[in-house]
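Source file: entry_15.txt. Holds: compact mmCIF, C-alpha atoms and all ligand atoms.
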# COMPACT_ATOMS: atom_id res chain seq x y z
CA MET U 1 -12.50 -50.76 -9.57
CA SER U 2 -14.72 -49.06 -7.02
CA ASN U 3 -11.70 -48.67 -4.68
CA ARG U 4 -9.85 -46.92 -7.45
CA ARG U 5 -12.84 -44.61 -8.07
CA ASP U 6 -13.06 -43.85 -4.31
CA PHE U 7 -9.37 -43.00 -4.27
CA MET U 8 -9.71 -40.68 -7.31
CA GLY U 9 -12.72 -38.99 -5.69
CA MET U 10 -10.82 -38.41 -2.45
CA ALA U 11 -7.78 -37.12 -4.32
CA LEU U 12 -9.89 -34.67 -6.36
CA GLY U 13 -11.80 -33.58 -3.22
CA GLY U 14 -8.53 -32.92 -1.39
CA PHE U 15 -7.20 -30.93 -4.33
CA ALA U 16 -10.36 -28.79 -4.43
CA ALA U 17 -10.16 -28.20 -0.65
CA LEU U 18 -6.54 -27.06 -0.96
CA GLY U 19 -7.51 -24.66 -3.76
CA GLY U 20 -10.28 -23.27 -1.56
CA LEU U 21 -7.86 -22.77 1.33
CA GLY U 22 -5.44 -20.97 -0.98
CA ALA U 23 -8.19 -18.61 -2.12
CA LEU U 24 -9.24 -17.96 1.49
CA TYR U 25 -5.63 -17.24 2.49
CA ALA U 26 -5.25 -14.78 -0.41
CA ALA U 27 -8.50 -13.05 0.58
CA LYS U 28 -7.41 -12.83 4.24
CA ARG U 29 -4.11 -11.24 3.19
CA SER U 30 -5.90 -8.52 1.26
CA TRP U 31 -8.31 -7.78 4.17
CA ASP U 32 -5.51 -7.57 6.69
CA PRO U 33 -2.50 -6.06 4.92
CA LEU U 34 -0.37 -5.32 8.01
CA PRO U 35 0.74 -7.90 10.58
CA SER U 36 -1.46 -7.61 13.65
CA VAL U 37 -2.08 -9.53 16.86
CA LYS U 38 -5.33 -9.37 18.84
CA SER U 39 -5.68 -10.37 22.49
CA ALA U 40 -8.17 -9.52 25.28
CA GLY U 41 -8.96 -5.92 24.35
CA PHE U 42 -5.59 -5.11 22.74
CA THR U 43 -4.69 -4.98 19.06
CA THR U 44 -1.00 -4.73 18.18
CA ILE U 45 -0.22 -3.62 14.63
CA ASP U 46 3.28 -3.58 13.16
CA LEU U 47 3.49 -0.47 10.96
CA ALA U 48 6.99 -1.17 9.58
CA SER U 49 5.58 -1.99 6.12
CA ALA U 50 2.82 0.67 6.06
CA LYS U 51 2.68 2.71 2.84
CA GLU U 52 2.00 6.42 2.54
CA ASN U 53 -1.58 7.41 1.73
CA GLU U 54 -2.82 3.79 1.86
CA LEU U 55 -5.65 3.47 4.33
CA VAL U 56 -5.42 0.48 6.67
CA VAL U 57 -8.64 -0.62 8.35
CA GLU U 58 -8.15 -2.53 11.60
CA LYS U 59 -10.52 -3.60 14.33
CA TRP U 60 -10.25 -2.83 18.04
CA ARG U 61 -12.90 -3.92 20.56
CA GLY U 62 -15.43 -4.30 17.73
CA LYS U 63 -14.78 -0.79 16.39
CA PRO U 64 -13.29 -0.02 12.97
CA ILE U 65 -9.98 1.86 13.15
CA PHE U 66 -8.46 3.91 10.32
CA ILE U 67 -4.66 4.04 10.18
CA LEU U 68 -3.11 6.27 7.56
CA LYS U 69 0.57 6.92 7.01
CA GLN U 70 0.62 10.59 6.06
CA PRO U 71 2.42 11.65 2.87
CA ALA U 72 4.96 14.47 3.30
CA SER U 73 2.59 16.81 1.41
CA THR U 74 -0.10 16.53 4.11
CA PRO U 75 -0.05 19.43 6.59
CA LYS U 76 1.31 18.45 10.02
CA SER U 77 -1.16 18.09 12.86
CA ASP U 78 -0.92 17.60 16.62
CA ARG U 79 -3.49 14.80 16.25
CA GLU U 80 -0.95 12.57 14.49
CA ILE U 81 1.18 9.85 16.03
CA VAL U 82 4.88 9.85 15.14
CA ILE U 83 6.54 6.43 14.96
CA ASN U 84 10.12 6.09 13.72
CA GLY U 85 9.92 9.54 12.14
CA ALA U 86 6.78 8.70 10.13
CA ARG U 87 3.45 10.45 10.81
CA TYR U 88 0.25 8.44 11.24
CA LEU U 89 -3.35 9.43 11.57
CA VAL U 90 -5.12 6.88 13.81
CA GLN U 91 -8.86 7.32 14.32
CA ILE U 92 -11.90 5.38 15.42
CA ALA U 93 -13.66 5.23 12.05
CA LEU U 94 -17.10 6.26 13.32
CA CYS U 95 -18.63 9.59 12.42
CA THR U 96 -19.11 11.64 15.61
CA HIS U 97 -22.60 12.65 14.44
CA LEU U 98 -24.51 9.37 14.49
CA GLY U 99 -21.83 6.74 14.04
CA CYS U 100 -21.67 5.92 10.30
CA ILE U 101 -18.29 4.88 8.86
CA PRO U 102 -16.86 7.75 6.78
CA ALA U 103 -15.23 7.06 3.41
CA PHE U 104 -11.63 8.05 2.70
CA ASP U 105 -10.89 10.28 -0.26
CA GLY U 106 -7.17 9.85 -0.88
CA LYS U 107 -6.92 11.21 -4.43
CA ASN U 108 -5.57 14.56 -3.32
CA PRO U 109 -3.23 13.99 -0.32
CA GLU U 110 -2.92 17.71 0.58
CA LYS U 111 -6.69 17.93 0.96
CA GLN U 112 -7.24 14.26 1.75
CA ARG U 113 -10.37 13.96 3.81
CA PHE U 114 -13.10 11.70 5.05
CA LYS U 115 -16.70 12.03 3.95
CA CYS U 116 -19.72 10.63 5.72
CA ALA U 117 -22.46 9.56 3.33
CA CYS U 118 -25.20 9.51 6.01
CA HIS U 119 -25.71 13.29 6.41
CA GLY U 120 -22.84 14.82 4.42
CA GLY U 121 -20.35 15.33 7.26
CA GLU U 122 -16.72 15.93 6.28
CA TYR U 123 -13.37 15.68 8.09
CA ASP U 124 -9.95 17.00 7.06
CA SER U 125 -6.65 15.13 6.82
CA ALA U 126 -6.26 15.34 10.62
CA GLY U 127 -9.73 13.89 11.28
CA ARG U 128 -11.19 17.26 12.36
CA GLN U 129 -14.77 18.02 11.33
CA THR U 130 -14.91 20.65 8.58
CA PHE U 131 -18.47 20.46 7.26
CA GLY U 132 -21.94 19.22 8.16
CA PRO U 133 -23.37 17.96 11.44
CA PRO U 134 -20.40 16.15 13.13
CA PRO U 135 -19.91 17.94 16.48
CA ARG U 136 -16.24 17.03 17.03
CA PRO U 137 -13.23 15.35 15.39
CA MET U 138 -13.13 11.58 15.04
CA ASP U 139 -11.92 10.01 18.28
CA ILE U 140 -8.40 8.67 18.74
CA PRO U 141 -8.32 5.22 20.38
CA PRO U 142 -6.06 4.68 23.43
CA PHE U 143 -2.64 3.71 22.09
CA LYS U 144 0.92 2.99 23.10
CA ILE U 145 3.96 3.01 20.80
CA LYS U 146 6.24 -0.05 21.05
CA GLY U 147 9.11 0.02 18.54
CA THR U 148 7.49 0.09 15.09
CA SER U 149 4.19 -1.18 16.51
CA LEU U 150 1.09 0.47 17.80
CA VAL U 151 -0.76 -1.18 20.68
CA LEU U 152 -4.43 -0.16 20.65
CA GLY U 153 -6.12 -0.38 24.05
CA GLU U 154 -3.09 0.66 26.12
CA GLU U 155 -2.74 4.28 27.29
CA GLY U 156 0.83 5.36 26.52
CA PRO U 157 2.32 8.80 27.39
CA GLU U 158 1.61 10.20 23.89
CA TYR U 159 -2.09 9.31 24.18
CA LYS U 160 -2.32 10.75 27.71
CA LYS U 161 -0.83 14.02 26.44
CA MET U 162 -3.39 14.18 23.60
CA LEU U 163 -6.17 13.69 26.17
CA ALA U 164 -4.71 16.37 28.46
CA ASP U 165 -4.43 18.76 25.48
CA GLY U 166 -8.11 18.18 24.62
CA LEU U 167 -7.29 16.72 21.18
CA THR U 168 -9.61 13.73 21.62
CA THR U 169 -12.33 12.50 23.92
CA LYS U 170 -11.77 9.37 26.01
CA VAL U 171 -13.57 6.28 24.69
S1 LIG U 201 -23.65 10.10 10.79
FE1 LIG U 201 -22.08 11.15 9.71
S2 LIG U 201 -22.95 13.03 9.16
FE2 LIG U 201 -24.51 12.02 10.26
Let's see the structure in the file written out as structure tokens.
Ligand code: FES
Amino acid sequence: MSNRRDFMGMALGGFAALGGLGALYAAKRSWDPLPSVKSAGFTTIDLASAKENELVVEKWRGKPIFILKQPASTPKSDREIVINGARYLVQIALCTHLGCIPAFDGKNPEKQRFKCACHGGEYDSAGRQTFGPPPRPMDIPPFKIKGTSLVLGEEGPEYKKMLADGLTTKV
């Protein structure tokens, strides 16, 4: 009888553990909506399934990164990265005033902007400071384009050109 009870206990425990794993997997999927691979200072993100005006938050060398596929209605900017004909805004998501993480306001794509709650700083749809104390645009992380993927941490020709044009500071 006790063997039977032990077996039932183990079976129920295993079932509960599987349920827990399922919930964890579902949570992980919602935190990390695009396929990405991290290795020794590099983060590779496949943008093939990215959706317009949906902010993706990634991590690169401990820093939060905002990736935003720009809707057609957003004004073009030389601070964007073009991959497969689609325009992306890729920024280190730290306010250039004192380093808070700005919030994304995506309700109005033409004016879409980032607001910093710490001291009221604001950035436009290209990540340029438009209001408050931030002294410069949000920084663009080193990147390289590989097919439909973005490799953060590698300095590709497009990134080097942005640096040479003074569109971002080197991090
Ligand atoms: S840290 Fe963002 S405005 Fe001060």
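Residues in contact with ligand LIG 201 (chain U) comprise U:Leu94, U:Cys95, U:Thr96, U:His97, U:Leu98, U:Gly99, U:Cys100, U:Ile101, U:Pro102, U:Lys115, U:Cys116, U:Ala117, U:Cys118, U:His119, U:Gly120, U:Gly121, U:Glu122, U:Tyr123, U:Gln129, U:Phe131, U:Gly132, U:Pro133, U:Pro134, U:Pro135, where contact means an atom-to-atom distance of at most 10 Å counting only C-alpha atoms and all ligand atoms.
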Item checked: Which residue of U:Lys160, U:Lys63, U:Lys51, U:Lys146 approaches U:Asn84 most closely, using only C-alpha atoms ->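 Closest to U:Asn84, using only C-alpha atoms: U:Lys146.
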If we count all atoms listed in the file, what is near U:Ile83 at a cut-off of 8 Å, once residues fewer than 3 positions away on the same chain are taken out, given as a compact mmCIF listing (two decimals) with C-alpha atoms, in the frame of the given file?
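Result written to result.txt:
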# COMPACT_ATOMS: atom_id res chain seq x y z
CA ALA U 86 6.78 8.70 10.13
CA ARG U 87 3.45 10.45 10.81
CA TYR U 88 0.25 8.44 11.24
CA ILE U 145 3.96 3.01 20.80
CA GLY U 147 9.11 0.02 18.54
CA THR U 148 7.49 0.09 15.09
Note to self: Can you measure atom CA of U:Ala164 to atom CA of U:Asp139 for me? One decimal in Å is fine.
What the structure shows: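 Rounded to one decimal, the two atoms are 14.0 Å apart.
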Take the point (1.0, 11.1, 25.3) as written in the file and pick out every residue within 12 Å of it, counting all atoms listed in the file; give the list as an mmCIF file with C-alpha atoms, in the coordinates of the input.
data_model
loop_
_atom_site.group_PDB
_atom_site.id
_atom_site.type_symbol
_atom_site.label_atom_id
_atom_site.label_comp_id
_atom_site.auth_asym_id
_atom_site.auth_seq_id
_atom_site.Cartn_x
_atom_site.Cartn_y
_atom_site.Cartn_z
ATOM 1 C CA ASP U 78 -0.920 17.600 16.620
ATOM 2 C CA ARG U 79 -3.490 14.800 16.250
ATOM 3 C CA GLU U 80 -0.950 12.570 14.490
ATOM 4 C CA ILE U 81 1.180 9.850 16.030
ATOM 5 C CA VAL U 82 4.880 9.850 15.140
ATOM 6 C CA ILE U 140 -8.400 8.670 18.740
ATOM 7 C CA PRO U 142 -6.060 4.680 23.430
ATOM 8 C CA PHE U 143 -2.640 3.710 22.090
ATOM 9 C CA LYS U 144 0.920 2.990 23.100
ATOM 10 C CA ILE U 145 3.960 3.010 20.800
ATOM 11 C CA GLU U 154 -3.090 0.660 26.120
ATOM 12 C CA GLU U 155 -2.740 4.280 27.290
ATOM 13 C CA GLY U 156 0.830 5.360 26.520
ATOM 14 C CA PRO U 157 2.320 8.800 27.390
ATOM 15 C CA GLU U 158 1.610 10.200 23.890
ATOM 16 C CA TYR U 159 -2.090 9.310 24.180
ATOM 17 C CA LYS U 160 -2.320 10.750 27.710
ATOM 18 C CA LYS U 161 -0.830 14.020 26.440
ATOM 19 C CA MET U 162 -3.390 14.180 23.600
ATOM 20 C CA LEU U 163 -6.170 13.690 26.170
ATOM 21 C CA ALA U 164 -4.710 16.370 28.460
ATOM 22 C CA ASP U 165 -4.430 18.760 25.480
ATOM 23 C CA GLY U 166 -8.110 18.180 24.620
ATOM 24 C CA LEU U 167 -7.290 16.720 21.180
ATOM 25 C CA THR U 168 -9.610 13.730 21.620
#
Next item on the list: Find, counting all atoms listed in the file, the residue in U:Trp60, U:Gln112, U:Thr169, U:Phe104 that gets nearest to U:Thr44.
Entry: U:Trp60
Margin query: To one decimal place in Å, what is the distance between atom CA of U:Val90 and atom CA of U:Arg113?
Written below: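 Computed distance, atom CA of U:Val90 to atom CA of U:Arg113, equals 13.3 Å.
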Notebook entry, point to check: atom CA of U:Thr130 to atom CA of U:Glu54: how many Å, to one decimal?
Noted result: 21.8 Å
Notebook entry, point to check: Smallest atom-to-atom distance to U:Pro75: which of U:Ala48, U:Val171, U:Leu152, U:Ala126, using only C-alpha atoms?
Noted result: U:Ala126
Next item on the list: Find, counting all atoms listed in the file, the residue in U:Leu34, U:Phe42, U:Val151, U:Ser125 that gets nearest to U:Thr74.
Entry: U:Ser125
Item checked: Spatial neighbours of U:Phe66, max dist 6 Å, all atoms listed in the file, sep filter under 2 positions, as a ChimeraX atom specification -> /U:56-57,90-91,93
Notebook entry, point to check: Between U:Lys59, U:Leu89, U:Gly106, U:Gln70, which has the minimum distance to U:Val37 (counting only C-alpha atoms)?
Noted result: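 Between U:Lys59, U:Leu89, U:Gly106, U:Gln70, the residue approaching U:Val37 most closely is U:Lys59.
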